[in-house]
Amino acid sequence: MKLNRRTLIGAVSATAMLAFGGSAMAQDYPTKRITLIVPYSAGGATDVLARQVADGLAQVLDETVTVENRPGAGATLGTTQAANARPDGYTLFMGQVSSHGIAPAVYKNLQYDPVEDFTPIKLILSIPNVMVVNKDSPYQTAQEFLDAAKSENMSFGSSGVGSSIHLSGEMFKARTGADMTHVPFRGSGEAVPALLSGDVDVMFDNLPSAMPHIQSGALRALAVTTPERSEHLEDVPTLDELDIAELDGFAARSWFGLLAPAGTDDAVVATLNEALDEVLASDSFKKFADTRGGQIEGGSPEDFAKYIDGELSSWKTVVDEAGVTVE
Amino acid sequence: MLENIATGFEMFFTLGNLLAITAGVCLGVTVGAIPGLTATMAVALALPFTFNLDPVTGILLLVGVYKGGVFGGSITAILIRAPGTPAAACTLLDGYPLAQKGQAGKALNMALYASCIADFLSNLSLIFFASLIAGLALAFGPPEYFWLICFSLTVVISISGSSLTKGLISGLLGLLTSTIGLDLVYGTQRFTFDNFNLMGGVSYIPLLIGLFALPEVIDFYVRKVAPFTVKTADKSRVSLAELKSSLVTIVRGSFIGVIIGTIPGAGATAAAFLSYGEARRTSKSPETFGKGNIEGVAASEAGNNGVAGATLIPLLALGIPGDVVTAVILGAFMLQGLTPGPLMFQDNITIIYAIFIGIMLSSVVLLGSGKLAIRYFARIADIPRHILLPIVLMFCVFGSYAVQSQMFDVGVMLAFGLLGYIMMKIDMAAAPFLMGFILGPLFEDNLRRSFLISEDITIFFRSPICWIFIVITILSAFVGVRRELRATRAKRDALRSSGAA
């Protein structure tokens, strides 16, 4: 192959442009509208949080951030689209326990790889699940419930197959060997009434949806599923601290975090991570997290990557033990 | 209490609140009228605007959007046979034939009056009987729900059109289509052909648009004979006599709406069809339904708007959101640091009163903005069809795409459009298909949930509510089928005697 000077210069400068052009772009970032993909319909918990985050990011970065809802197939559709988006920092993704924790373990033919296809940016918020029973239930503690569940069949409600509510129940069942039947509903909104009326015996609901009923006394909280107690329910023990050998280290929670498609420039990731620090520290976000019963998280992109790894393996264990799969 | 009401009034009567309701209703009517954009989406999109508003103002904005959206859906259903929201699908059964007869104005006005009256009655139920009927929401467990759905399925008999057999086939096809996707209990894939887009099931809006709006467009181009004439502006109005004779239907529809609205998850679409079925069943001339009977429009709109106020009953009285819209409204409450439920009646009763006053007023605002909307939208009926139909086609594509930003859904719309066209050609009613599609998952879910809760079949007979619905299901099916058979025989006899003569 013959190389003349002109093509050589051209090639070199093209390479240089590619190399430096990228970081020059990152320095200016952002220069145009940012899209935040939410894999659920407008109005759901993830969507409401995403809009809050988008609002905060827009103020900090001084650029428009629009939320785009891509619901379908239990969040996997929108997640796949985010995975295939251009990694230029202008398409971001609102990841959560389903897309980057449970779905990879539950769905056999997933179209994305939660680790290879994404660059984590920051863990934003976590929400404990809470083990609740009806106020007329004879069980005052998780221990009493467990004792009963070893000799008679109990039903546990959930917001659907593969939700963190469902799998928390499965985790409890697999660990303790309790005799429990899963009764799926379409969303917590339908499952909670069944618990209130006594059609199902127990539920490991997300705290925000159970909270009002715990406060009004219609539901009794037996335990929270996180390793630490929730600041919103300080009197309620964790499953872990109950001195039940089978439940040692029990940890299940819902969480939300910001991700970008894999290959997004490190400088862009750093910019977004710092911007999120500011968003999470704002009073309006604190108030938001508080009313939702959530715990504000944070940390570096590396922390988040490690967190996702941990989540993927722990949900996989539950799913394998419980034998839940979606073909 | 009077003091609280007075404070509520004081809290409500601010310029901001009045503006919020008006803006909300107008926005709702407009968005609701665009096929593909539903009342639910409108509410979700309006949510971020409430973050910085005062609680009462924010909630009223959302409620306004919701109510406007439910009515708005009927506008395009009547004018171009494309229901703006799923709940309006029933309105087109008689609304569109009326529009074809040049009485679009009349149909739209009746839809508006029925909507406002039903809305008002629904609000009254919310305010005066909330705590009384909220118990219904909890009394409906899976078995009760199962029988309610069985009863609702008998409506298929009433909306089958010319042939009961074809209607039943159509309903069964709808049920079959509703099984596509992951099953609820085990997450098994059914009829997905390994296609990722089908895992969540066939999308609702593209199916709706395809089934109803597209066949009209196809038919126009296939036949090429439709009139290209421009009609004069439609001046038809609802006469006082018509309103009076529809009043019973409207009131009955409103209460069907209230009951369905109180039960979480049942939805406005089912209420509209139930109300329609009842109106036809009790009518002296049931054969005119589906061919442009103004009472059909009234029944449908009363049913779906009767739901609007009532869905707030379980939310405010129990803190349970019955559908996506109330879930969004619940979110708005929580963002303001308010928790709907019994405690709110103790702690924030003045806010509740202020909201109630606003909700009552929203029915009046709906009447005003609806009138305005009709005046402008009704002109659509005057557009020559060779210009209008390409625009309708564009909206079909846009509406299907808008829901999830998926080209796949446009394909779904086209496929169901073709099916709808074939059904139209063989004179098979499409409404039972829709009923089957909507009620199918509810039927299956509750059947299976009941068996998960108890392996014993007696669970299906556990409460008086079960028995009530069992009895009326059997009665409704029996009476309905007998009537249809008689009508067919009468028609055949008439044909034979005219043939003999």
# chains A, B, ... in the order shown; residues from 1 in each chain; ligands from 1
>>> interface_residues(of="chain B", to="chain A", cutoff="6 Å", atoms="only C-alpha atoms", output="PyMOL selection string")
chain B and resi 44+138+187-188+199-200+321+328+334+337+404
>>> residues_around(residues="stretch 284-288 of chain B", least_positions_apart="6", cutoff="9 Å", atoms="only C-alpha atoms", output="PyMOL selection string")
chain B and resi 158+161-162+487
>>> select_by_dssp(residues="stretch 162-267 of chain B", states="alpha helix (DSSP H)", output="count of residues only")
58
>>> residues_around(residues="A:Glu321", least_positions_apart="3", cutoff="12 Å", atoms="only C-alpha atoms", output="list in words")
Ala105, Val106, Leu167, Glu170, Met171, Phe172, Lys173, Ala174, Arg175, Thr176, Gly177, Ser314, Trp315, Lys316, Thr317, Val318, Val324 and Thr325 of chain A
>>> closest_residue(among="A:Ala270, A:Leu57, A:Gly298, A:Met203", to="A:Val133", atoms="only C-alpha atoms")
A:Met203
>>> closest_residue(among="B:Leu62, B:Leu172, B:Val70, B:Ala298", to="B:Ala33", atoms="only C-alpha atoms")
B:Val70
>>> closest_residue(among="A:Ala223, A:Ala83, A:Val38, A:Leu259", to="A:Val67", atoms="only C-alpha atoms")
A:Val38
>>> residues_around(residues="A:Gly263", least_positions_apart="4", cutoff="9 Å", atoms="only C-alpha atoms", output="ChimeraX atom specification")
/A:86-88,117-119
>>> write_last_selection(atoms="N, CA and C atoms", output="compact mmCIF listing (two decimals), in the first residue's frame")
# COMPACT_ATOMS: atom_id res chain seq x y z
N ARG A 86 -27.12 6.17 21.28
CA ARG A 86 -25.76 6.64 21.03
C ARG A 86 -25.14 7.12 22.35
N PRO A 87 -23.90 6.66 22.65
CA PRO A 87 -23.29 7.01 23.95
C PRO A 87 -22.67 8.39 23.95
N ASP A 88 -23.43 9.41 23.63
CA ASP A 88 -22.87 10.76 23.54
C ASP A 88 -23.23 11.61 24.76
N ASP A 117 -23.63 -3.22 28.56
CA ASP A 117 -24.28 -2.21 27.71
C ASP A 117 -24.47 -0.85 28.38
N PHE A 118 -24.06 -0.73 29.66
CA PHE A 118 -24.34 0.52 30.36
C PHE A 118 -23.12 1.06 31.11
N THR A 119 -23.08 2.37 31.26
CA THR A 119 -22.09 3.03 32.11
C THR A 119 -22.86 3.60 33.30
>>> closest_residue(among="B:Thr269, B:Ser275, B:Ser203, B:Thr7", to="B:Gln406", atoms="only C-alpha atoms")
B:Ser203
>>> atom_distance(atom1="atom CA of B:Thr473", atom2="atom CA of B:Phe151")
4.5 Å
>>> select_by_dssp(residues="stretch 21-186 of chain A", states="strand (DSSP E)", output="count of residues only")
43
